[in-house]
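J.: To start, I am sharing the structure in question, which I have written as structure tokens.
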Amino acid sequence: MIFRLLIANIYLLILGFSALKLMTCHKFQSIEEISLSYFIGVMLTSFGMLLMNFLNFKYTFQSLFLMSFLMLCLLVFVIIINNTKKNQIINNWNQSLEELKSLILFFKQKELIVVAHLYLVFIFLFVMAIIFYEAMLRPLYTWDAMSFWVVKSKVMYFKQMIDWNDQSFINVNAHNPLNVPLIQVWFAYMQGGFDEMIIKWFYPVNTFFFSMIFFSHLKYWTQSLYALIGIIIFATIPFVCFHSTIAYSDLLVCYYFNIGTFYLFKYMNKNNNDYGTLWGVCCLGAYWTKPESILFVGIEVIIIIFYFIKERKKITTLVLFLLKNISLFVIFYLFWNQWIKTLGFSDFKYHSLIPHIDRLIPIIGSFLESFFTYGNWGVIGIFFMLVVGISYSKIIKSVDIYLFITIILLSLGFMYIYTFIVENQFKFRDVSFNRVVVTLVPMILFSSLKWSWNYILSENIQIINQWFKNESQKKMKKRKRSVS
Amino acid sequence: MQLYQFNIRLPNGIPALFIGKENFNILILYFMIAIILLILGGWLFLTANEYSAKGFINTSKLMVVVICLGSIVLYQGIYFSKFIVNVYRDHKQFKNKSLEERLQILILNQYYPFLSYCKNKLPVDVSIQIEAADSYYDFAGYYYLYPLRRVDEINKNNKKYLIFFHGKRKPKQNPVFTYKQDEMIYECLDNDCGLE
């Protein structure tokens, strides 16, 4: 079963990689490319399954295998007939090999910095192994997983279709998009049965691949050692540890959205259109996972408009950017909402039409509690506030201001949206707020680490490097003495 | 109305292993962190001139970052150690156990045997309605009894079997079950089962 699961994951990587190569021209870091491929592969496969449902194909191992095979063949065929893409992939492959060679050479050095790298890599892998093991130990037992995330998969697995008449399927959050339930059905068929434990394999894998993307982005702006510290901090956040072992989708939507934000931020710095494309894809992925993402995407669109105005770019460039990158998201959003309405479901039973402004005080209290207290994020919130306090003057003068505004607007957006929630949902605000605020956490950790490096630590980095060199030289001398 | 009765006599629940919730006084953690930060801060403060002499720029800002990162690493290190302890406990509890046994021992504790009983007793492909004192039981019941169908709650016209489970969970001990009750399944021969 585990072997089949591994093959299924490799398939997702290959599918996502082909799609990534078709969408972009840029050569990403190898780790980043592999991890991105996974998230894109997951999204494409679940979209394929949705299409199968529209074409009235039943979900069986054979039909899903055929769908997956055809999808991969189609993408590979497009790459083969497109000479530019073909050459680009060959070039990228050579670059990846070079990258691997330089990595091996780096680790062959006998210096303290290499030991530090190896030590941190070991810690990260150990953390991930523990999370994986815990996820595989406990069967499914958590509330939301049984009430809608996994029960939908179970219904689709047994009915071999999306059954909108099954009460278990539509009982809670019938309007939710189906990325997670569909991919779980796909995994269940690929692994040869619906297993209450193996079904959770997907969640720590997501955390692992997101950590890789987080690492590559942080490394891009800082240094590899600091980025390694960053992913260890991320992977050991209590909320991330716990939610990676239970079958909830709040982390997956957070991953899609944060990957998108990292690329949007990179786009603002580098003006590379590929980053914009990836932002659009991630927005679609986030919405396809959970409908709350509409708020996140809306805020980012406001940020983009603000960016284009501030940078004095032409309005046509802005329109073209949005048309190119967000049109797929808008089309899917309209389609999904219309379809859900046609079926007679909507999320309005959870929302009131007028905001309850009197709730603002308890909402702010809950927000501050979930942001600053020990329970979920440790002391990352305090770190962020201190770094912003110290480097505020530098942040507002650089492109970093857009990331800062995104965080502020998202925080305000979360608080505002909670004034609309109906009373019986509002009383669970502390629990649900944590799950919403999780979307902010990678962004906050990323910006805290990036700004602390760029504006505080990098000034001292030469001295730190010198210290590392001196230490390794001292060790070498000691060794020589002991040998002699 | 035909009545199946099932008496369950089950042991008390095993405490849930949530991170940082039980058996750990958070004040001790705060105190430890405060002491370590004070020592770290004091040490940095005392050696600030030394660092400046070595060529470090913005020693005070550097101090803030080092202290913050130190506290984050310390804090999450403690949490993760606790997580590892929990994983080890789970490992001891679950090793060499089948899925059924794992569910029975920890996850749904006393409730799971009752669900297994229902699954064995009820015919395949019927509609069920679970009447439990806690909605967690509802969801867990419908989940683990699938493909037994959940009744259409609006129309209630395809109702066939009613499953009663009266126990309540202890507050803030999700998912610990610590009660002993007689539970039962009713087969509905008429449509309303006498519920309305």
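Every chain in the structure tokens has a letter given in the order shown (A, B, ...), and although residue numbers restart at 1 in each chain, ligands are simply numbered from 1 in the order shown.
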Show me a table, sorted first by chain and then by increasing residue number, of the residues of chain A having an atom at most 7 Å from chain B, each with its shortest atom pair and the distance in Å to one decimal, counting only C-alpha atoms and written as a tab-separated table.
T.:
```
residue	atom	partner	partner_atom	distance
A:Glu134	CA	B:Val87	CA	5.8
A:Leu137	CA	B:Phe94	CA	6.9
A:Pro139	CA	B:Leu103	CA	6.6
A:Tyr141	CA	B:Ile107	CA	5.6
A:Trp143	CA	B:Tyr136	CA	6.4
A:Met146	CA	B:Tyr143	CA	5.8
A:Ser147	CA	B:Phe139	CA	5.2
A:Val151	CA	B:Tyr143	CA	6.0
A:Gln167	CA	B:Arg150	CA	5.5
A:Ser168	CA	B:Arg150	CA	5.8
A:Ile233	CA	B:Val73	CA	6.8
A:Thr236	CA	B:Gln76	CA	6.1
A:Ile237	CA	B:Gln76	CA	6.4
A:Pro238	CA	B:Tyr79	CA	6.8
A:Gly378	CA	B:Tyr75	CA	6.4
A:Val379	CA	B:Ile72	CA	5.8
A:Ile380	CA	B:Ile72	CA	6.7
A:Phe383	CA	B:Cys68	CA	5.7
A:Ser452	CA	B:Val65	CA	6.8
A:Ile456	CA	B:Leu62	CA	6.3
A:Leu457	CA	B:Leu62	CA	6.5
A:Glu459	CA	B:Ile57	CA	6.5
A:Asn460	CA	B:Phe56	CA	5.6
A:Ile463	CA	B:Phe56	CA	6.9
```
J.: Near range 58-71 of chain A, within 12 Å and counting only C-alpha atoms, which residues show up once chain neighbours fewer than 4 positions away are dropped, as JSON, numbers by chain?
T.: {"A": [7, 8, 11, 12, 14, 15, 16, 18, 19, 41, 42, 44, 45, 46, 47, 48, 49, 50, 51, 52, 53, 54, 75, 76, 77, 78, 153, 155, 156, 157, 158, 159, 160, 161, 162, 163, 182, 183, 185, 186, 187, 188, 189, 190, 191, 192, 193]}
J.: With range 403-420 of chain A as the partner and 9 Å as the cut-off, tabulate the residues of range 152-269 of chain A that qualify, each row holding the nearest pair of atoms and their distance in Å to one decimal, using only C-alpha atoms, sorted by chain and rising number, as a tab-separated table.
T.:
```
residue	atom	partner	partner_atom	distance
A:Thr261	CA	A:Leu403	CA	8.2
A:Phe262	CA	A:Leu403	CA	8.9
A:Phe265	CA	A:Leu403	CA	6.9
```
J.: CA of Ser37 in chain A and CA of Leu13 in chain A are how many Å apart?
T.: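 Interatomic distance here is 5.1 Å.
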J.: Please compute the CA of Ser96 in chain A-CA of Lys450 in chain A distance, one decimal, in Å.
T.: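 Between CA of Ser96 in chain A and CA of Lys450 in chain A the gap is 25.6 Å.
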J.: Fewer than 5 positions away in the same chain doesn't count, so skip those; otherwise give me all residues within 10 Å of range 115-126 of chain A, counting only C-alpha atoms, as number ranges by chain.
T.: A: 107, 109-110, 131-132, 208, 211, 224-229, 231-236, 468
J.: For the residues in the current selection, export C-alpha atoms as a CSV table (one decimal), in the first residue's frame.
T.:
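Full text of selection_22.csv as output:
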```
chain,number,residue,atom,x,y,z
A,107,PHE,CA,28.8,19.5,1.7
A,109,GLN,CA,33.9,21.0,2.5
A,110,LYS,CA,35.2,20.4,6.0
A,131,ILE,CA,5.0,14.6,12.6
A,132,PHE,CA,4.6,11.9,9.9
A,208,PHE,CA,6.9,19.1,4.1
A,211,SER,CA,8.4,24.0,4.2
A,224,SER,CA,20.6,29.1,3.6
A,225,LEU,CA,21.5,28.7,7.3
A,226,TYR,CA,18.9,31.3,8.4
A,227,ALA,CA,16.3,29.8,6.1
A,228,LEU,CA,16.9,26.4,7.7
A,229,ILE,CA,16.3,27.9,11.1
A,231,ILE,CA,11.7,26.1,8.4
A,232,ILE,CA,12.5,24.4,11.7
A,233,ILE,CA,10.7,27.2,13.5
A,234,PHE,CA,7.8,26.9,11.1
A,235,ALA,CA,7.5,23.1,11.4
A,236,THR,CA,7.6,23.2,15.2
A,468,PHE,CA,32.8,30.8,11.4
```
J.: Suppose you want the space between CA of His243 in chain A and CA of Ile10 in chain A; what is it in Å?
T.: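 Distance reported for this atom pair: 23.7 Å.
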J.: Nearest to Trp279 in chain A: which of A:Leu178, A:Ile304, A:Leu105, A:Ile79 is it, counting only C-alpha atoms?
T.: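 Checking each of A:Leu178, A:Ile304, A:Leu105, A:Ile79 against Trp279 in chain A, counting only C-alpha atoms, the winner is A:Ile304.
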